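Q: Compact mmCIF, C-alpha atoms and all ligand atoms, file final-v2.txt:
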# COMPACT_ATOMS: atom_id res chain seq x y z
CA MET F 5 31.40 139.43 205.70
CA ILE F 6 28.37 141.08 204.02
CA SER F 7 26.80 140.54 200.60
CA GLU F 8 27.45 142.91 197.71
CA LYS F 9 23.81 143.91 197.91
CA GLU F 10 24.11 144.86 201.57
CA ASN F 11 27.40 146.64 200.82
CA GLN F 12 25.58 148.79 198.27
CA ARG F 13 22.63 149.45 200.54
CA ILE F 14 24.90 150.71 203.33
CA SER F 15 26.98 152.66 200.84
CA LYS F 16 23.94 154.44 199.39
CA PHE F 17 22.77 155.34 202.85
CA LEU F 18 26.24 156.63 203.79
CA SER F 19 26.15 158.85 200.68
CA LEU F 20 22.84 160.24 201.83
CA VAL F 21 23.90 161.04 205.39
CA LEU F 22 27.53 162.04 204.75
CA ARG F 23 26.81 164.19 201.68
CA HIS F 24 23.26 165.43 201.81
CA GLN F 25 21.09 164.82 204.86
CA PRO F 26 22.94 163.99 208.09
CA GLU F 27 19.78 164.98 209.96
CA THR F 28 18.14 161.77 208.66
CA ILE F 29 19.88 159.94 211.50
CA ASP F 30 20.27 162.95 213.75
CA ILE F 31 24.01 163.50 213.33
CA GLY F 32 25.93 166.66 212.53
CA LEU F 33 28.98 166.94 210.28
CA ASP F 34 31.79 169.26 211.34
CA GLU F 35 32.83 172.16 209.09
CA ASN F 36 35.00 169.80 207.03
CA GLY F 37 32.34 167.12 206.66
CA TRP F 38 33.71 164.72 209.28
CA VAL F 39 31.84 162.68 211.86
CA ASP F 40 32.92 160.21 214.54
CA PRO F 41 32.56 156.67 213.06
CA GLU F 42 31.42 155.24 216.41
CA LEU F 43 28.61 157.79 216.55
CA LEU F 44 27.74 157.14 212.89
CA ILE F 45 27.45 153.39 213.59
CA PHE F 46 25.39 154.00 216.72
CA LYS F 47 22.97 156.30 214.91
CA MET F 48 22.69 154.06 211.85
CA ASN F 49 21.87 151.12 214.07
CA GLN F 50 19.08 153.19 215.63
CA HIS F 51 17.71 153.63 212.10
CA GLY F 52 17.31 150.09 210.87
CA PHE F 53 20.91 149.07 210.14
CA SER F 54 22.95 146.47 211.87
CA ILE F 55 26.54 147.45 211.35
CA THR F 56 29.81 147.19 213.22
CA MET F 57 33.17 148.88 212.84
CA GLU F 58 34.34 145.88 210.76
CA ILE F 59 31.39 146.27 208.41
CA LEU F 60 31.99 150.01 208.07
CA ASP F 61 35.67 149.31 207.29
CA HIS F 62 34.59 146.81 204.66
CA VAL F 63 32.22 149.31 203.00
CA VAL F 64 34.85 152.07 203.02
CA ALA F 65 37.49 149.75 201.54
CA ASN F 66 35.24 148.13 198.94
CA ASN F 67 33.23 151.09 197.73
CA ASN F 68 33.49 151.12 193.93
CA LYS F 69 34.34 154.83 193.78
CA LYS F 70 36.14 155.04 197.13
CA ARG F 71 33.52 157.60 198.16
CA PHE F 72 34.32 157.58 201.88
CA ALA F 73 37.54 158.08 203.80
CA TYR F 74 38.81 158.02 207.37
CA ASN F 75 41.20 160.61 208.74
CA GLU F 76 44.68 159.46 209.73
CA GLY F 77 43.89 158.26 213.22
CA LYS F 78 40.61 156.74 212.02
CA THR F 79 38.78 158.87 214.57
CA LEU F 80 36.68 160.55 211.86
CA ILE F 81 34.98 159.58 208.61
CA ARG F 82 33.59 161.64 205.70
CA ALA F 83 32.59 161.54 202.04
CA SER F 84 35.52 162.65 199.88
CA GLN F 85 33.33 164.70 197.50
CA GLY F 86 29.80 165.02 196.15
CA HIS F 87 28.28 167.06 199.00
CA SER F 88 25.25 169.26 198.80
CA VAL F 89 25.60 170.33 202.46
CA ASN F 90 27.83 173.31 202.95
CA ILE F 91 31.21 172.04 204.16
CA GLU F 92 34.81 172.92 203.42
CA LEU F 93 36.68 169.88 202.08
CA GLY F 94 40.02 171.61 202.54
CA TYR F 95 41.74 170.27 199.42
CA GLU F 96 44.67 172.30 198.11
CA PRO F 97 44.16 173.89 194.67
CA GLN F 98 45.87 171.82 191.97
CA LYS F 99 46.90 172.20 188.35
CA PRO F 100 44.52 170.07 186.28
CA PRO F 101 45.34 168.11 183.12
CA GLU F 102 44.86 169.96 179.81
CA ILE F 103 41.53 168.24 179.16
CA LEU F 104 38.88 166.90 181.51
CA TYR F 105 35.47 165.41 180.76
CA HIS F 106 31.94 165.94 182.02
CA GLY F 107 29.14 163.53 181.25
CA THR F 108 25.56 164.67 181.34
CA ALA F 109 22.20 163.97 179.72
CA GLU F 110 21.30 165.19 176.25
CA ARG F 111 18.37 167.20 177.58
CA PHE F 112 20.74 169.44 179.60
CA SER F 113 22.97 170.29 176.62
CA GLU F 114 21.08 173.32 175.41
CA SER F 115 21.17 175.00 178.79
CA ILE F 116 24.83 174.04 179.35
CA LEU F 117 25.77 175.52 175.98
CA LYS F 118 24.03 178.74 177.04
CA ILE F 119 25.29 179.25 180.58
CA GLY F 120 28.09 176.72 181.04
CA LEU F 121 28.39 173.98 183.64
CA GLU F 122 26.83 174.93 186.96
CA LYS F 123 27.27 173.04 190.22
CA GLN F 124 23.51 172.79 190.75
CA SER F 125 22.74 171.35 194.18
CA ARG F 126 26.30 170.11 194.80
CA GLN F 127 29.23 172.15 196.00
CA HIS F 128 31.27 171.76 192.81
CA VAL F 129 31.09 170.85 189.16
CA HIS F 130 32.51 167.31 188.85
CA LEU F 131 34.97 166.45 186.09
CA SER F 132 36.92 163.30 185.26
CA VAL F 133 40.17 162.36 183.57
CA GLU F 134 38.66 159.29 181.95
CA VAL F 135 36.01 159.69 179.32
CA GLU F 136 34.51 156.32 180.39
CA THR F 137 33.79 157.76 183.84
CA ALA F 138 32.04 160.74 182.25
CA ILE F 139 29.93 158.42 180.10
CA SER F 140 28.73 156.43 183.11
CA VAL F 141 28.00 159.64 185.06
CA GLY F 142 26.02 160.93 182.06
CA LYS F 143 24.03 157.71 181.84
CA ARG F 144 22.71 158.26 185.36
CA HIS F 145 20.74 161.22 184.02
CA GLY F 146 19.52 159.86 180.67
CA LYS F 147 20.93 159.61 177.15
CA PRO F 148 24.56 160.57 177.75
CA VAL F 149 26.47 163.38 176.09
CA ILE F 150 30.04 164.26 176.85
CA PHE F 151 31.60 167.69 177.18
CA GLU F 152 35.30 168.20 176.76
CA VAL F 153 36.55 170.85 179.18
CA ALA F 154 39.62 172.94 178.35
CA SER F 155 40.78 172.72 181.95
CA GLY F 156 44.41 173.61 181.15
CA GLU F 157 43.27 176.85 179.58
CA MET F 158 40.92 177.55 182.47
CA PHE F 159 43.79 177.08 184.90
CA VAL F 160 45.97 179.53 182.96
CA ASP F 161 43.05 181.97 183.09
CA GLY F 162 42.93 181.74 186.88
CA PHE F 163 40.17 179.21 187.55
CA VAL F 164 40.72 177.10 190.66
CA PHE F 165 40.64 173.29 190.58
CA TYR F 166 40.70 170.72 193.35
CA PHE F 167 41.41 166.99 193.16
CA SER F 168 39.44 164.94 195.66
CA GLU F 169 40.90 162.06 197.63
CA ASN F 170 38.96 159.68 195.36
CA LYS F 171 40.30 161.31 192.19
CA VAL F 172 37.43 163.49 191.05
CA TRP F 173 38.34 166.95 189.68
CA LEU F 174 36.27 169.74 191.20
CA THR F 175 35.73 173.34 190.15
CA ASP F 176 33.10 176.03 190.70
CA HIS F 177 31.85 176.77 187.22
CA VAL F 178 32.84 176.07 183.62
CA PRO F 179 31.97 178.94 181.25
CA VAL F 180 30.77 178.02 177.77
CA ARG F 181 33.95 179.18 176.05
CA TYR F 182 35.90 176.29 177.63
CA LEU F 183 33.39 173.63 176.57
CA LYS F 184 33.25 171.47 173.50
CA GLN F 185 30.35 169.09 173.10
CA GLY F 186 30.69 165.56 171.83
CA LEU F 187 33.42 163.08 171.13
CA LYS F 188 34.53 161.41 167.99
CA GLY F 189 32.86 158.02 167.75
CA LEU F 190 30.24 158.65 170.43
C1 LIG P 201 23.83 169.21 184.95
C2 LIG P 201 28.62 160.95 190.97
C3 LIG P 201 21.45 172.23 182.91
C4 LIG P 201 25.07 168.38 185.08
C5 LIG P 201 29.54 161.16 189.78
C6 LIG P 201 24.51 167.15 185.76
C7 LIG P 201 30.00 162.58 189.94
C8 LIG P 201 23.27 171.43 184.01
C9 LIG P 201 23.40 167.71 186.64
C10 LIG P 201 29.08 163.19 190.96
C11 LIG P 201 23.93 172.66 183.90
C12 LIG P 201 23.78 167.75 188.10
C13 LIG P 201 28.35 164.34 190.38
C14 LIG P 201 23.26 173.69 183.23
C15 LIG P 201 25.25 171.32 184.92
N1 LIG P 201 22.03 173.45 182.76
N2 LIG P 201 22.04 171.22 183.53
N3 LIG P 201 23.80 174.91 183.06
N4 LIG P 201 25.15 172.58 184.46
N5 LIG P 201 24.12 170.62 184.65
O1 LIG P 201 24.36 164.57 190.13
O2 LIG P 201 28.14 165.68 187.69
O3 LIG P 201 28.27 158.18 192.16
O4 LIG P 201 24.71 166.98 190.84
O5 LIG P 201 25.62 168.11 183.81
O6 LIG P 201 30.58 160.26 189.76
O7 LIG P 201 26.09 164.22 187.38
O8 LIG P 201 27.35 160.10 193.46
O9 LIG P 201 26.20 166.03 189.17
O10 LIG P 201 23.96 166.27 184.82
O11 LIG P 201 31.32 162.67 190.39
O12 LIG P 201 29.61 159.20 193.99
O13 LIG P 201 23.20 169.05 186.20
O14 LIG P 201 28.15 162.19 191.34
O15 LIG P 201 29.31 160.40 192.00
O16 LIG P 201 23.81 166.41 188.57
O17 LIG P 201 27.51 163.91 189.32
P1 LIG P 201 24.73 165.95 189.77
P2 LIG P 201 26.98 164.96 188.27
P3 LIG P 201 28.58 159.42 192.97
Using structure tokens, write down the structure from this file.

A:
Amino acid sequence: MISEKENQRISKFLSLVLRHQPETIDIGLDENGWVDPELLIFKMNQHGFSITMEILDHVVANNNKKRFAYNEGKTLIRASQGHSVNIELGYEPQKPPEILYHGTAERFSESILKIGLEKQSRQHVHLSVEVETAISVGKRHGKPVIFEVASGEMFVDGFVFYFSENKVWLTDHVPVRYLKQGLKGL
């Protein structure tokens, strides 16, 4: 169908327009982040891509983190998390596991240990069940460090957690008292 390289190129561009800058191709997202896939294809093709519904299906199905999802009738498409644009994902609050992980770069540790985990430009702080996921997320920013988050305790204390369709845990802020830096053996 398309090469892995092309798959990644389209996927990266979809992340850009569906999470951060829909105006790049002159589309708007609705209040829940959705857009009509036909319109998305049309606009992408006006901006140097050559994609079809089959290709979009392929990218959605084969994305390594399942970043994009259709609604039930496949009349809409959106990114399942990771937005910096202000949209309401509409996930129901969920009880998280006792421990979750956040991977970041060493140079951010000092600030994180002072003020906790902030969502920065995104809409949520992103946490994972698997420590391996946190390590690879941390590596994107530099020399990785891992924080263990006492998410079970946070939940008991009234903090709200969401679980995205592609299995990323989301919350607004993690205060320092729920954080523990480092992992045995890392
Ligand atoms: C750091 C990827 C200083 C935070 C992943 C992170 C994820 C602080 C950076 C998703 C801080 C923000 C999100 C503080 C947080 N002081 N630095 N107080 N609080 N930070 O990219 O979590 O591949 O916005 O640790 O899988 O790295 O894009 O967030 O290093 O789920 O689909 O500020 O992106 O998914 O960076 O990554 P990001 P993230 P995709």

Q: Show which residues sit within 12 Å of range 27-31 of chain F, as a PyMOL selection string. Count only C-alpha atoms, and ignore same-chain residues fewer than 6 positions away.

A: chain F and resi 17-21+37-53+89

Q: Here is a test: counting only C-alpha atoms and all ligand atoms, which residue of F:Gly86, F:Pro179, F:Gly162, F:Gly156 is nearest to ligand LIG 201 (chain P)?

A: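 Among F:Gly86, F:Pro179, F:Gly162, F:Gly156, it is F:Gly86 that comes nearest to ligand LIG 201 (chain P).
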
Q: At a cut-off of 7 Å, can you tabulate as a Markdown table every residue of chain F near ligand LIG 201 (chain P) together with its closest atom pair and the distance in Å to one decimal, using only C-alpha atoms and all ligand atoms and ordering rows by chain then number?

A:
| residue | atom | partner | partner_atom | distance |
| --- | --- | --- | --- | --- |
| F:Lys69 | CA | P:LIG201 | O12 | 6.4 |
| F:Arg71 | CA | P:LIG201 | O12 | 5.9 |
| F:Gly86 | CA | P:LIG201 | C10 | 5.6 |
| F:His106 | CA | P:LIG201 | O2 | 6.8 |
| F:Gly107 | CA | P:LIG201 | O5 | 6.3 |
| F:Thr108 | CA | P:LIG201 | O10 | 4.2 |
| F:Ala109 | CA | P:LIG201 | O10 | 5.9 |
| F:Phe112 | CA | P:LIG201 | C3 | 4.4 |
| F:Ser113 | CA | P:LIG201 | C3 | 6.8 |
| F:Ser115 | CA | P:LIG201 | N1 | 4.3 |
| F:Ile116 | CA | P:LIG201 | N3 | 3.9 |
| F:Ile119 | CA | P:LIG201 | N3 | 5.2 |
| F:Gly120 | CA | P:LIG201 | N3 | 5.1 |
| F:Leu121 | CA | P:LIG201 | N4 | 3.6 |
| F:Glu122 | CA | P:LIG201 | N4 | 3.8 |
| F:Lys123 | CA | P:LIG201 | C15 | 5.9 |
| F:Gln124 | CA | P:LIG201 | C12 | 5.7 |
| F:Ser125 | CA | P:LIG201 | O4 | 5.8 |
| F:Arg126 | CA | P:LIG201 | O4 | 5.3 |
| F:Val129 | CA | P:LIG201 | O2 | 6.1 |
| F:His130 | CA | P:LIG201 | O2 | 4.8 |
| F:Leu131 | CA | P:LIG201 | O11 | 6.8 |
| F:Val141 | CA | P:LIG201 | C5 | 5.2 |
| F:Gly142 | CA | P:LIG201 | O7 | 6.3 |
| F:His145 | CA | P:LIG201 | O10 | 6.0 |
| F:Val172 | CA | P:LIG201 | O11 | 6.2 |

Q: Tell me, in Å to one decimal, how far CA of Phe159 in chain F is from CA of Gln127 in chain F.

A: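 Value for the CA of Phe159 in chain F-CA of Gln127 in chain F distance: 19.0 Å.
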
Q: Using only C-alpha atoms for the distances, tell me which of F:Glu58, F:Glu35, F:Asp176, F:Glu134 is nearest to Leu104 in chain F.

A: F:Glu134

Q: How many Å separate CA of Ile139 in chain F from CA of Gln185 in chain F?

A: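 Value for the CA of Ile139 in chain F-CA of Gln185 in chain F distance: 12.8 Å.
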
Q: For His128 in chain F, which residue out of F:Glu102, F:Glu157, F:Glu152, F:Glu92 is the nearest one, using only C-alpha atoms?

A: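 Going through F:Glu102, F:Glu157, F:Glu152, F:Glu92 one by one, the smallest distance to His128 in chain F is for F:Glu92.
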
Q: Which residue is closest to Trp173 in chain F? Choose from F:Asp161, F:Glu96, F:Glu114, F:Glu10 and count only C-alpha atoms.

A: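 Looking at the shortest contact to Trp173 in chain F, the residue is F:Glu96.
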
Q: With only C-alpha atoms as the counted atoms, please give the residues lying no more than 7 Å from Tyr166 in chain F, apart from itself and same-chain residues fewer than 6 positions off, as a PDB file with C-alpha atoms, in the coordinates of the input.

A:
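So the final result, stored in around_7.pdb, reads:
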ATOM      1  CA  TYR F  95      41.740 170.270 199.420  1.00  0.00           C
ATOM      2  CA  GLU F  96      44.670 172.300 198.110  1.00  0.00           C
ATOM      3  CA  PRO F  97      44.160 173.890 194.670  1.00  0.00           C
ATOM      4  CA  GLN F  98      45.870 171.820 191.970  1.00  0.00           C
ATOM      5  CA  TRP F 173      38.340 166.950 189.680  1.00  0.00           C
ATOM      6  CA  LEU F 174      36.270 169.740 191.200  1.00  0.00           C
ATOM      7  CA  THR F 175      35.730 173.340 190.150  1.00  0.00           C
TER       8      THR F 175
END

Q: Taking all atoms listed in the file into account, which of F:Gln85, F:Gln12, F:Ser155, F:Ser7 comes nearest His24 in chain F?

A: F:Gln85

Q: Could you work out how far CA of Asn67 in chain F lies from CA of Met5 in chain F, giving the answer in Å with one decimal?

A: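 CA of Asn67 in chain F lies 14.2 Å from CA of Met5 in chain F.
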
Q: Considering all atoms listed in the file, can you say which of F:Lys171, F:Arg111, F:Lys118, F:Lys16 comes closest to Ser84 in chain F?

A: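 Among the listed residues, the smallest separation from Ser84 in chain F belongs to F:Lys171.
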
Q: Take every atom of range 68-79 of chain F listed in the file, fit an axis-aligned box around them, add 8 Å per side, and give the centre and edge lengths in Å to one decimal as JSON.

A:
{"center_x": 39.1, "center_y": 155.9, "center_z": 204.2, "size_x": 27.2, "size_y": 25.5, "size_z": 36.8}

Q: Restore N, CA, C and O atoms in range 172-190 of chain F and list the result as a short mmCIF file (atom, residue, chain, number, x, y, z; two decimals), keeping the file's coordinate frame.

A:
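Generated file (result-v4.cif):
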data_model
loop_
_atom_site.label_atom_id
_atom_site.label_comp_id
_atom_site.auth_asym_id
_atom_site.auth_seq_id
_atom_site.Cartn_x
_atom_site.Cartn_y
_atom_site.Cartn_z
N VAL F 172 38.39 162.73 191.86
CA VAL F 172 37.43 163.49 191.05
C VAL F 172 37.93 164.93 191.00
O VAL F 172 38.34 165.48 192.02
N TRP F 173 37.95 165.54 189.80
CA TRP F 173 38.34 166.95 189.68
C TRP F 173 37.13 167.82 189.97
O TRP F 173 36.03 167.54 189.50
N LEU F 174 37.36 168.88 190.75
CA LEU F 174 36.27 169.74 191.20
C LEU F 174 36.58 171.19 190.85
O LEU F 174 37.72 171.64 191.01
N THR F 175 35.57 171.90 190.36
CA THR F 175 35.73 173.34 190.15
C THR F 175 34.38 173.99 190.34
O THR F 175 33.36 173.30 190.47
N ASP F 176 34.35 175.34 190.37
CA ASP F 176 33.10 176.03 190.70
C ASP F 176 32.14 176.17 189.53
O ASP F 176 30.93 176.09 189.69
N HIS F 177 32.70 176.43 188.36
CA HIS F 177 31.85 176.77 187.22
C HIS F 177 32.69 176.64 185.97
O HIS F 177 33.88 176.95 186.00
N VAL F 178 32.11 176.13 184.89
CA VAL F 178 32.84 176.07 183.62
C VAL F 178 32.10 176.92 182.59
O VAL F 178 31.03 176.52 182.11
N PRO F 179 32.62 178.11 182.27
CA PRO F 179 31.97 178.94 181.25
C PRO F 179 31.95 178.25 179.88
O PRO F 179 32.81 177.42 179.59
N VAL F 180 30.99 178.66 179.07
CA VAL F 180 30.77 178.02 177.77
C VAL F 180 32.02 178.01 176.89
O VAL F 180 32.27 177.05 176.16
N ARG F 181 32.81 179.09 176.97
CA ARG F 181 33.95 179.18 176.05
C ARG F 181 35.00 178.08 176.26
O ARG F 181 35.84 177.85 175.41
N TYR F 182 34.94 177.37 177.39
CA TYR F 182 35.90 176.29 177.63
C TYR F 182 35.29 174.91 177.33
O TYR F 182 35.91 173.90 177.63
N LEU F 183 34.09 174.90 176.78
CA LEU F 183 33.39 173.63 176.57
C LEU F 183 33.31 173.26 175.09
O LEU F 183 33.09 174.12 174.24
N LYS F 184 33.47 171.97 174.85
CA LYS F 184 33.25 171.47 173.50
C LYS F 184 32.37 170.23 173.64
O LYS F 184 32.70 169.31 174.40
N GLN F 185 31.26 170.22 172.95
CA GLN F 185 30.35 169.09 173.10
C GLN F 185 30.72 167.95 172.16
O GLN F 185 31.09 168.17 171.02
N GLY F 186 30.58 166.74 172.69
CA GLY F 186 30.69 165.56 171.83
C GLY F 186 32.08 165.01 171.76
O GLY F 186 33.07 165.63 172.19
N LEU F 187 32.16 163.80 171.25
CA LEU F 187 33.42 163.08 171.13
C LEU F 187 33.38 162.35 169.82
O LEU F 187 32.31 161.87 169.41
N LYS F 188 34.52 162.21 169.21
CA LYS F 188 34.53 161.41 167.99
C LYS F 188 34.12 159.98 168.34
O LYS F 188 34.59 159.43 169.33
N GLY F 189 33.22 159.43 167.55
CA GLY F 189 32.86 158.02 167.75
C GLY F 189 31.80 157.80 168.80
O GLY F 189 31.44 156.67 169.09
N LEU F 190 31.30 158.86 169.42
CA LEU F 190 30.24 158.65 170.43
C LEU F 190 28.89 159.09 169.88
O LEU F 190 28.78 160.15 169.33
#
